[in-house]
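So this block is start.csv, CSV, C-alpha atoms:
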chain,number,residue,atom,x,y,z
A,1,MET,CA,48.3,-27.9,167.1
A,2,ARG,CA,48.3,-25.4,164.3
A,3,VAL,CA,49.1,-26.7,160.8
A,4,ILE,CA,49.9,-24.2,157.9
A,5,ALA,CA,51.5,-25.0,154.6
A,6,ARG,CA,54.1,-22.2,154.8
A,7,MET,CA,54.9,-19.2,156.9
A,8,ASN,CA,55.2,-16.8,154.1
A,9,VAL,CA,54.6,-13.1,154.6
A,10,GLY,CA,50.8,-12.6,154.7
A,11,GLY,CA,47.7,-13.0,156.7
A,12,PRO,CA,47.7,-16.7,157.6
A,13,ALA,CA,51.3,-16.6,159.1
A,14,LEU,CA,50.5,-13.4,160.9
A,15,GLN,CA,47.4,-15.0,162.5
A,16,ALA,CA,49.3,-18.1,163.5
A,17,VAL,CA,52.1,-16.1,165.2
A,18,THR,CA,49.7,-13.6,166.8
A,19,LEU,CA,47.9,-16.5,168.5
A,20,LEU,CA,51.2,-18.2,169.5
A,21,ASN,CA,52.2,-14.9,171.2
A,22,HIS,CA,48.9,-13.8,172.7
A,23,LEU,CA,46.7,-16.8,173.7
A,24,ASP,CA,47.2,-17.4,177.5
A,25,PRO,CA,50.0,-20.0,177.8
A,26,ALA,CA,48.6,-21.2,181.1
A,27,ARG,CA,45.5,-22.3,179.3
A,28,PHE,CA,46.7,-23.1,175.8
A,29,GLU,CA,49.8,-25.2,174.9
A,30,GLN,CA,50.4,-24.4,171.2
A,31,ARG,CA,52.7,-25.8,168.5
A,32,ILE,CA,52.9,-24.7,164.8
A,33,TYR,CA,53.7,-27.2,162.1
A,34,THR,CA,54.7,-25.8,158.7
A,35,GLY,CA,56.4,-26.7,155.4
A,36,ALA,CA,59.0,-25.0,153.1
A,37,LEU,CA,58.5,-21.7,151.3
A,38,ALA,CA,58.5,-21.4,147.5
A,39,PRO,CA,61.3,-19.5,145.8
A,40,GLY,CA,60.9,-15.7,146.1
A,41,GLU,CA,58.7,-15.8,149.2
A,42,GLY,CA,59.6,-13.9,152.3
A,43,ASP,CA,59.8,-16.0,155.5
A,44,TYR,CA,57.5,-14.4,158.1
A,45,LEU,CA,59.3,-16.1,161.0
A,46,ASP,CA,62.7,-15.0,159.9
A,47,LEU,CA,61.5,-11.4,159.3
A,48,ARG,CA,60.0,-11.3,162.8
A,49,GLY,CA,63.0,-13.0,164.5
A,50,GLN,CA,61.0,-16.1,165.4
A,51,GLY,CA,62.7,-18.7,163.2
A,52,ALA,CA,62.5,-21.4,165.9
A,53,ALA,CA,58.8,-20.9,166.6
A,54,ALA,CA,57.6,-23.6,164.1
A,55,ILE,CA,58.3,-27.3,163.5
A,56,ARG,CA,59.1,-28.0,159.9
A,57,VAL,CA,57.3,-30.8,158.1
A,58,PRO,CA,58.9,-32.0,154.8
A,59,GLY,CA,56.4,-32.1,152.0
A,60,LEU,CA,53.9,-29.7,153.6
A,61,GLY,CA,54.8,-26.7,151.4
A,62,ARG,CA,52.6,-25.2,148.7
A,63,SER,CA,53.5,-27.6,145.8
A,64,ILE,CA,51.4,-30.7,145.4
A,65,GLY,CA,52.9,-34.1,144.6
A,66,PRO,CA,51.7,-37.5,145.8
A,67,ARG,CA,55.0,-38.6,147.3
A,68,ASP,CA,55.6,-35.4,149.3
A,69,ASP,CA,51.9,-35.2,150.3
A,70,LEU,CA,51.9,-38.8,151.7
A,71,ARG,CA,55.2,-38.2,153.5
A,72,ALA,CA,53.8,-35.0,155.1
A,73,LEU,CA,50.5,-36.8,156.0
A,74,ALA,CA,52.4,-39.6,157.7
A,75,ARG,CA,54.6,-37.2,159.6
A,76,LEU,CA,51.5,-35.2,160.8
A,77,VAL,CA,49.8,-38.4,162.0
A,78,ARG,CA,52.9,-39.3,164.0
A,79,GLU,CA,53.2,-35.8,165.5
A,80,MET,CA,49.5,-35.8,166.5
A,81,ARG,CA,49.7,-39.2,168.1
A,82,ALA,CA,52.8,-38.1,170.1
A,83,PHE,CA,51.5,-34.6,171.0
A,84,ARG,CA,47.9,-35.7,171.5
A,85,PRO,CA,46.4,-32.2,170.8
A,86,HIS,CA,42.8,-31.5,171.8
A,87,ILE,CA,42.3,-29.3,168.8
A,88,VAL,CA,44.0,-29.3,165.4
A,89,HIS,CA,43.5,-25.9,163.7
A,90,THR,CA,44.6,-25.8,160.0
A,91,HIS,CA,45.3,-22.8,157.8
A,92,THR,CA,45.6,-22.6,154.0
A,93,ALA,CA,44.3,-25.1,151.4
A,94,LYS,CA,46.9,-27.9,151.3
A,95,ALA,CA,47.6,-27.8,155.1
A,96,GLY,CA,43.8,-27.8,155.6
A,97,ALA,CA,43.5,-31.0,153.5
A,98,LEU,CA,46.5,-32.9,155.0
A,99,GLY,CA,46.0,-31.6,158.5
A,100,ARG,CA,42.3,-32.5,158.7
A,101,VAL,CA,42.8,-36.0,157.2
A,102,ALA,CA,45.7,-36.6,159.6
A,103,ALA,CA,43.6,-35.4,162.6
A,104,THR,CA,40.8,-37.7,161.6
A,105,ILE,CA,43.2,-40.7,161.4
A,106,ALA,CA,44.8,-39.7,164.7
A,107,ARG,CA,41.4,-39.3,166.3
A,108,VAL,CA,42.0,-35.7,167.4
A,109,PRO,CA,38.8,-34.6,169.3
A,110,ALA,CA,38.3,-31.3,167.5
A,111,ARG,CA,39.2,-30.2,164.0
A,112,VAL,CA,39.0,-26.5,162.9
A,113,HIS,CA,39.9,-25.0,159.5
A,114,THR,CA,40.3,-21.3,158.7
A,115,PHE,CA,39.6,-20.1,155.1
A,116,HIS,CA,41.8,-17.0,154.7
A,117,GLY,CA,40.2,-16.6,151.3
A,118,HIS,CA,39.3,-19.3,148.8
A,119,LEU,CA,40.3,-20.7,145.5
A,120,LEU,CA,36.9,-20.4,143.8
A,121,HIS,CA,37.9,-17.4,141.7
A,122,GLY,CA,41.1,-16.6,139.9
A,123,TYR,CA,42.9,-19.9,140.4
A,124,PHE,CA,41.2,-22.9,138.7
A,125,THR,CA,38.6,-23.4,136.0
A,126,GLY,CA,36.7,-26.4,134.6
A,127,PRO,CA,37.5,-29.9,136.0
A,128,LYS,CA,40.2,-28.6,138.3
A,129,ARG,CA,37.8,-26.2,140.0
A,130,ALA,CA,35.1,-28.9,140.3
A,131,ALA,CA,37.6,-31.3,141.8
A,132,MET,CA,38.8,-28.6,144.3
A,133,ILE,CA,35.1,-27.9,145.3
A,134,ALA,CA,34.4,-31.6,145.8
A,135,THR,CA,37.5,-32.0,147.9
A,136,GLU,CA,36.6,-29.0,150.1
A,137,ARG,CA,33.1,-30.3,150.6
A,138,GLY,CA,34.5,-33.6,151.8
A,139,LEU,CA,36.9,-31.9,154.1
A,140,ALA,CA,34.2,-29.7,155.6
A,141,ARG,CA,32.4,-32.9,156.7
A,142,LEU,CA,35.6,-33.8,158.6
A,143,SER,CA,35.6,-30.4,160.4
A,144,HIS,CA,33.9,-29.5,163.6
A,145,ARG,CA,34.2,-25.8,162.9
A,146,LEU,CA,34.9,-23.7,159.8
A,147,VAL,CA,36.3,-20.2,160.1
A,148,ALA,CA,36.0,-17.5,157.4
A,149,VAL,CA,38.0,-14.3,157.6
A,150,GLY,CA,35.1,-12.3,156.2
A,151,GLU,CA,31.3,-12.6,155.5
A,152,GLN,CA,31.7,-12.6,151.8
A,153,VAL,CA,34.3,-15.4,152.0
A,154,ARG,CA,31.8,-17.5,154.0
A,155,ASP,CA,28.9,-16.7,151.7
A,156,ASP,CA,31.0,-17.7,148.6
A,157,LEU,CA,31.9,-21.0,150.2
A,158,LEU,CA,28.3,-21.8,151.3
A,159,ALA,CA,27.1,-20.9,147.7
A,160,ALA,CA,29.6,-23.6,146.4
A,161,GLY,CA,28.2,-26.1,148.8
A,162,ILE,CA,31.2,-26.1,151.1
A,163,GLY,CA,30.2,-26.6,154.7
A,164,ARG,CA,26.9,-25.8,156.5
A,165,PRO,CA,26.0,-22.4,158.0
A,166,GLU,CA,26.0,-23.7,161.5
A,167,LYS,CA,29.6,-24.8,161.2
A,168,PHE,CA,30.9,-21.4,160.1
A,169,THR,CA,32.3,-18.6,162.3
A,170,VAL,CA,33.3,-15.3,160.7
A,171,LEU,CA,36.5,-14.2,162.4
A,172,PRO,CA,38.4,-11.3,160.8
A,173,PRO,CA,42.1,-11.1,161.4
A,174,GLY,CA,43.7,-8.8,164.0
A,175,THR,CA,47.0,-7.0,163.9
A,176,ARG,CA,48.9,-3.9,165.0
A,177,VAL,CA,51.4,-1.6,163.4
A,178,PRO,CA,54.4,0.1,164.9
A,179,PRO,CA,54.5,4.0,165.0
A,180,LEU,CA,55.3,5.5,161.6
A,181,PRO,CA,58.7,7.2,161.1
A,182,PRO,CA,58.7,10.8,159.6
A,183,ARG,CA,57.8,10.8,155.9
A,184,ARG,CA,61.0,12.4,154.8
A,185,GLN,CA,63.1,9.8,156.7
A,186,ALA,CA,61.0,7.0,155.2
A,187,ARG,CA,61.5,8.2,151.7
A,188,VAL,CA,65.2,8.6,152.1
A,189,GLU,CA,65.4,5.0,153.4
A,190,LEU,CA,63.4,3.6,150.5
A,191,GLY,CA,65.2,5.7,147.9
A,192,LEU,CA,62.1,7.6,146.9
A,193,PRO,CA,61.9,11.3,145.9
A,194,GLN,CA,60.6,13.7,148.6
A,195,ASP,CA,58.0,16.0,147.1
A,196,VAL,CA,56.1,13.6,144.7
A,197,PRO,CA,53.0,11.5,145.1
A,198,VAL,CA,53.8,7.9,146.0
A,199,VAL,CA,51.5,4.9,145.5
A,200,ALA,CA,52.4,1.7,147.3
A,201,TYR,CA,51.6,-1.9,146.4
A,202,ILE,CA,52.2,-4.4,149.2
A,203,GLY,CA,51.9,-8.2,148.7
A,204,ARG,CA,52.9,-11.1,146.5
A,205,ILE,CA,53.6,-10.4,142.9
A,206,THR,CA,51.7,-13.3,141.3
A,207,GLN,CA,48.9,-13.8,138.8
A,208,VAL,CA,45.9,-13.5,141.0
A,209,LYS,CA,47.2,-10.2,142.3
A,210,ARG,CA,47.2,-8.9,138.7
A,211,PRO,CA,50.5,-7.0,138.5
A,212,ASP,CA,49.6,-6.4,134.8
A,213,ARG,CA,46.6,-4.4,136.0
A,214,PHE,CA,48.8,-2.5,138.4
A,215,LEU,CA,51.2,-1.6,135.7
A,216,GLU,CA,48.4,-0.4,133.4
A,217,ALA,CA,46.8,1.7,136.3
A,218,ALA,CA,50.3,3.1,137.0
A,219,ARG,CA,50.7,4.2,133.4
A,220,LEU,CA,47.3,5.9,133.4
A,221,ILE,CA,48.0,7.6,136.8
A,222,ARG,CA,51.2,9.0,135.4
A,223,GLY,CA,49.3,10.3,132.4
A,224,THR,CA,47.5,12.8,134.7
A,225,VAL,CA,50.0,12.9,137.6
A,226,PRO,CA,53.3,12.7,135.8
A,227,ASP,CA,55.5,13.0,138.9
A,228,ALA,CA,53.8,10.0,140.6
A,229,HIS,CA,56.1,7.3,141.8
A,230,PHE,CA,55.3,3.7,142.8
A,231,ALA,CA,56.8,1.6,145.6
A,232,VAL,CA,56.2,-2.2,145.3
A,233,CYS,CA,56.9,-4.1,148.6
A,234,GLY,CA,56.9,-7.8,147.9
A,235,ASP,CA,58.1,-10.5,145.6
A,236,GLY,CA,56.8,-13.4,143.5
A,237,ASP,CA,57.0,-15.3,140.3
A,238,LEU,CA,55.9,-12.2,138.2
A,239,ALA,CA,58.3,-9.7,139.9
A,240,ASP,CA,60.4,-9.5,136.7
A,241,THR,CA,57.4,-8.0,134.9
A,242,LEU,CA,57.8,-4.9,137.1
A,243,ARG,CA,61.5,-4.4,136.7
A,244,GLY,CA,62.8,-1.4,134.7
A,245,VAL,CA,59.5,0.5,134.8
A,246,PRO,CA,60.1,4.3,135.0
A,247,GLY,CA,59.1,5.7,138.4
A,248,LEU,CA,58.6,2.2,140.0
A,249,ARG,CA,60.8,1.0,142.8
A,250,LEU,CA,60.9,-2.7,143.7
A,251,LEU,CA,61.6,-3.0,147.4
A,252,GLY,CA,61.3,-6.8,147.9
A,253,TRP,CA,60.0,-8.1,151.2
A,254,ARG,CA,60.6,-5.8,154.1
A,255,PRO,CA,59.8,-6.3,157.8
A,256,ASP,CA,59.3,-2.6,158.4
A,257,LEU,CA,56.1,-2.0,156.6
A,258,GLU,CA,55.6,1.1,158.7
A,259,THR,CA,58.4,2.7,156.6
A,260,VAL,CA,56.4,1.9,153.4
A,261,HIS,CA,53.2,3.3,154.9
A,262,ALA,CA,55.0,6.5,156.1
A,263,ALA,CA,56.3,7.1,152.6
A,264,ALA,CA,53.0,6.4,150.7
A,265,ASP,CA,50.1,8.7,149.9
A,266,LEU,CA,47.9,5.7,149.2
A,267,VAL,CA,48.0,1.9,148.9
A,268,LEU,CA,46.7,0.3,145.7
A,269,LEU,CA,45.3,-3.3,145.5
A,270,THR,CA,44.5,-4.7,142.0
A,271,SER,CA,43.6,-8.4,142.7
A,272,ASP,CA,41.1,-10.6,141.1
A,273,ASN,CA,40.5,-12.5,144.3
A,274,GLU,CA,41.2,-11.8,148.0
A,275,GLY,CA,40.1,-12.9,151.4
A,276,THR,CA,40.4,-10.2,154.0
A,277,PRO,CA,43.7,-8.6,152.9
A,278,LEU,CA,46.1,-7.9,155.7
A,279,SER,CA,47.9,-5.3,153.5
A,280,LEU,CA,44.8,-3.1,153.5
A,281,ILE,CA,44.2,-3.6,157.3
A,282,GLU,CA,47.8,-2.5,158.1
A,283,ALA,CA,47.5,0.4,155.7
A,284,ALA,CA,44.3,1.5,157.4
A,285,LEU,CA,45.8,1.2,160.9
A,286,SER,CA,48.6,3.5,159.6
A,287,GLY,CA,46.1,6.1,158.4
A,288,VAL,CA,46.9,5.5,154.7
A,289,PRO,CA,43.8,5.5,152.4
A,290,CYS,CA,43.4,2.5,150.0
A,291,VAL,CA,42.1,2.1,146.5
A,292,ALA,CA,41.2,-1.5,145.8
A,293,THR,CA,39.2,-3.8,143.6
A,294,ARG,CA,35.8,-4.8,145.1
A,295,VAL,CA,36.6,-8.5,145.5
A,296,GLY,CA,36.2,-11.1,148.3
A,297,SER,CA,35.9,-9.4,151.7
A,298,VAL,CA,37.7,-6.3,150.7
A,299,PRO,CA,34.5,-4.2,151.2
A,300,GLU,CA,34.6,-5.4,154.8
A,301,VAL,CA,38.0,-3.7,155.2
A,302,VAL,CA,37.6,-0.6,153.1
A,303,ALA,CA,34.3,1.3,153.5
A,304,ASP,CA,33.8,2.7,150.0
A,305,GLY,CA,33.8,6.5,150.1
A,306,SER,CA,34.4,6.6,153.9
A,307,THR,CA,37.8,5.0,154.5
A,308,GLY,CA,39.0,4.4,150.9
A,309,LEU,CA,37.7,3.9,147.4
A,310,LEU,CA,36.6,0.6,145.7
A,311,THR,CA,36.3,-0.1,142.0
A,312,GLY,CA,35.7,-2.9,139.6
A,313,CYS,CA,38.5,-5.1,138.3
A,314,ASP,CA,39.4,-2.5,135.8
A,315,SER,CA,42.7,-0.5,135.5
A,316,ARG,CA,40.9,2.7,134.3
A,317,GLU,CA,38.6,2.7,137.3
A,318,LEU,CA,41.5,2.0,139.7
A,319,ALA,CA,43.6,4.8,138.1
A,320,ALA,CA,40.7,7.3,138.3
A,321,ALA,CA,40.2,6.6,142.0
A,322,ALA,CA,43.9,6.9,142.7
A,323,ILE,CA,44.1,10.2,140.8
A,324,LEU,CA,41.2,11.6,142.8
A,325,LEU,CA,43.1,10.9,146.1
A,326,LEU,CA,46.4,12.1,144.8
A,327,THR,CA,45.0,15.4,143.6
A,328,ASP,CA,42.6,16.0,146.6
A,329,ARG,CA,44.7,15.8,149.7
A,330,ASP,CA,41.9,16.9,152.0
A,331,LEU,CA,39.8,14.0,150.9
A,332,ALA,CA,42.8,11.6,151.2
A,333,ASP,CA,43.6,12.8,154.7
A,334,ARG,CA,40.0,12.5,155.8
A,335,LEU,CA,39.7,9.0,154.5
A,336,GLY,CA,43.0,8.0,156.1
A,337,ARG,CA,41.9,9.3,159.5
A,338,ALA,CA,38.6,7.5,159.3
A,339,ALA,CA,40.3,4.3,158.1
A,340,ALA,CA,42.6,4.3,161.2
A,341,ALA,CA,39.8,4.7,163.6
A,342,ARG,CA,37.7,2.0,162.0
A,343,ALA,CA,40.5,-0.5,161.7
A,344,GLU,CA,41.6,-0.1,165.3
A,345,ARG,CA,38.0,-1.0,166.4
A,346,LEU,CA,37.5,-3.9,164.0
A,347,PHE,CA,40.9,-5.4,163.4
A,348,GLY,CA,42.8,-5.0,166.7
A,349,ILE,CA,44.7,-7.9,168.3
A,350,PRO,CA,42.7,-8.0,171.5
A,351,ARG,CA,39.4,-8.6,169.6
A,352,PHE,CA,41.0,-11.2,167.4
A,353,VAL,CA,42.5,-13.2,170.3
A,354,ASP,CA,39.3,-13.0,172.3
A,355,ASP,CA,37.3,-14.3,169.4
A,356,VAL,CA,39.7,-17.3,168.9
A,357,ARG,CA,39.7,-18.0,172.6
A,358,ALA,CA,35.9,-18.0,172.6
A,359,LEU,CA,35.8,-20.3,169.6
A,360,TYR,CA,38.0,-22.9,171.4
A,361,GLU,CA,36.1,-22.6,174.6
A,362,ASP,CA,32.8,-23.2,172.7
A,363,LEU,CA,34.3,-26.3,171.2
A,364,TYR,CA,35.0,-27.6,174.7
A,365,ARG,CA,31.5,-26.9,175.8
A,366,HIS,CA,29.9,-28.7,172.8
A,367,ASN,CA,32.3,-31.5,172.1
A,368,PRO,CA,31.6,-34.4,174.4
A,369,VAL,CA,35.3,-35.7,174.3
A,370,LEU,CA,36.7,-32.3,175.1
A,371,ALA,CA,34.1,-31.7,177.7
A,372,ASP,CA,35.2,-34.9,179.5
A,373,ILE,CA,38.8,-33.7,179.3
A,374,SER,CA,37.9,-30.3,180.6
A,375,GLY,CA,35.8,-31.8,183.5
A,376,ALA,CA,38.7,-34.2,184.4
A,377,ARG,CA,40.9,-31.1,184.9
Representation of the structure as structure tokens:
Amino acid sequence: MRVIARMNVGGPALQAVTLLNHLDPARFEQRIYTGALAPGEGDYLDLRGQGAAAIRVPGLGRSIGPRDDLRALARLVREMRAFRPHIVHTHTAKAGALGRVAATIARVPARVHTFHGHLLHGYFTGPKRAAMIATERGLARLSHRLVAVGEQVRDDLLAAGIGRPEKFTVLPPGTRVPPLPPRRQARVELGLPQDVPVVAYIGRITQVKRPDRFLEAARLIRGTVPDAHFAVCGDGDLADTLRGVPGLRLLGWRPDLETVHAAADLVLLTSDNEGTPLSLIEAALSGVPCVATRVGSVPEVVADGSTGLLTGCDSRELAAAAILLLTDRDLADRLGRAAAARAERLFGIPRFVDDVRALYEDLYRHNPVLADISGAR
């Protein structure tokens, strides 16, 4: 039983659907339970034509409120007692809290939580941050296994006292991308000029992603590369801050990211905090070099100087790196080819599915209740 707060476009939803589609159905019966999306968020299931793949739980969405949270918790307990899963695997912070508490109440044999990133930086400060850490420490004690999408994510959590090293498994995401259309065709479809440099941004347009830093970097890039254009694929509560900017095209959420990748010369990420960003993995698989801030597990996706360029959280550094790639096409092409080869090896779907299967099988071997169930079969 997989519990996730919302199936918005991004890494957690992709992993949930990838496992639904690729774990052997003869060995694993799976169900996904999820809540409502926030306004402006793209629905991953609708974009992928899998709208019926999840069971909706009222109150399980991102927003926090005692009444909705209790309603969602009660519903999850009822669903677990009816379905009687051997493993509850939770994703995202709120679903991780409600799902693990519900699984404890329902006496589910094994409880797993994936940290697709963390909320230690860029979200909360002071007492709120302390309360969040205390909560995660308690939830870690309810968990049989903790999964981090990158080594830095795991290390940050351990440094905050969340979980014990022996409970953690580092399990990077896995994905694939469709073949890219011709560049000229892609730019026509996106309404972008043909013979100009194009920088793409892909993801939520919200504070932790720092759209203000993106705008400042774009201004600096155009100071040196005046014909540069910017394609922003995504939406969010700060999308209006990007409207009406010369040379910038807001695309909204699109299911055909291969079209965006085909049109782009590089992908720019300006965040204050990340886990293991899917947007950079997909860009790498498409052979598009990335310029990104050195945060979270980004350095595990982008090998600085080999498959892309990493900088501090500074618009001038980001702009300088982007200008280098936009003006040195040989370097950009070399980094793009290296990125594709590395990403295929590290972030392919077969490796990801095999890793999750091995994790679940290990739970069976080491959990006495699950071992009894497995032996009875």
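Taking atom CA of Ile281 of chain A and atom CA of Gly174 of chain A as endpoints, the distance between them is 8.5 Å.
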Query raised in the report: Using all atoms listed in the file, which residues sit within 9 Å of segment 350-356 of chain A once same-chain residues fewer than 5 positions away are excluded, as a ChimeraX atom specification?
Result: /A:15,18-19,22-23,171-175,345,361
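Within 9 Å of the point (45.6, -24.6, 173.7) in file coordinates, and counting only C-alpha atoms, lie the residues Met1, Leu23, Asp24, Pro25, Ala26, Arg27, Phe28, Glu29, Gln30, Arg31, Pro85, His86, Ile87, Arg357 and Tyr360 of chain A.
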Report summary line: Students should find that atom CA of Gly150 of chain A and atom CA of Ala5 of chain A are spaced 20.8 Å
Report as a tab-separated table: every residue of segment 195-285 of chain A with an atom at most 7 Å from segment 105-119 of chain A, its closest pair of atoms, and their distance in Å to one decimal, counting only C-alpha atoms, with rows sorted by chain and ascending residue number.
residue	atom	partner	partner_atom	distance
A:Glu274	CA	A:Gly117	CA	5.9
A:Gly275	CA	A:Gly117	CA	3.7
A:Thr276	CA	A:Gly117	CA	6.9
Could you write out that same residue set with C-alpha atoms as a short mmCIF file (atom, residue, chain, number, x, y, z; two decimals), in the coordinates of the input?
data_model
loop_
_atom_site.label_atom_id
_atom_site.label_comp_id
_atom_site.auth_asym_id
_atom_site.auth_seq_id
_atom_site.Cartn_x
_atom_site.Cartn_y
_atom_site.Cartn_z
CA GLU A 274 41.20 -11.80 148.00
CA GLY A 275 40.10 -12.90 151.40
CA THR A 276 40.40 -10.20 154.00
#
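Each of A:Thr34, A:Ser271, A:Thr169, A:Ser306 was checked against Val17 of chain A using only C-alpha atoms; the smallest atom-to-atom distance is that of A:Thr34.
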Query - Selection near Gly59 of chain A, 12 Å with all atoms listed in the file, sequence-local residues under 2 positions removed, as JSON, numbers by chain - result: {"A": [4, 5, 6, 33, 34, 35, 36, 37, 38, 56, 57, 61, 62, 63, 64, 65, 66, 67, 68, 69, 70, 71, 72, 73, 74, 75, 76, 94, 95, 98]}
**Report entry** Exercise: Ala322 of chain A partners within 12 Å, only C-alpha atoms, chain neighbours under 4 positions left out, as a VMD selection string
**Finding:** chain A and resid 197 to 200 214 217 to 222 224 to 225 228 230 265 to 270 289 to 293 308 to 311 315 to 318 326 to 329 331 to 332
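Ranking A:Leu215, A:Ala148, A:Val177, A:Leu142 by their shortest atom-to-atom distance to Ala319 of chain A, with only C-alpha atoms included, puts A:Leu215 first.
In this comparison, which uses all atoms listed in the file, the residue of A:Leu278, A:Ile162, A:Ala338, A:Val295 approaching Gly203 of chain A most closely is A:Leu278.
When atom CA of Ile133 of chain A is paired with atom CA of Ala160 of chain A, their separation reads 7.1 Å.
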Report summary line: The residue from A:Leu14, A:Val101, A:Leu190, A:Leu60 with the smallest atom-to-atom distance to Ser279 of chain A, counting only C-alpha atoms, is A:Leu14
Requested in this report: Could you check which of A:Arg184, A:Gly163, A:Asn21, A:Thr241 is closest to Glu216 of chain A, using all atoms listed in the file?
Outcome: A:Thr241
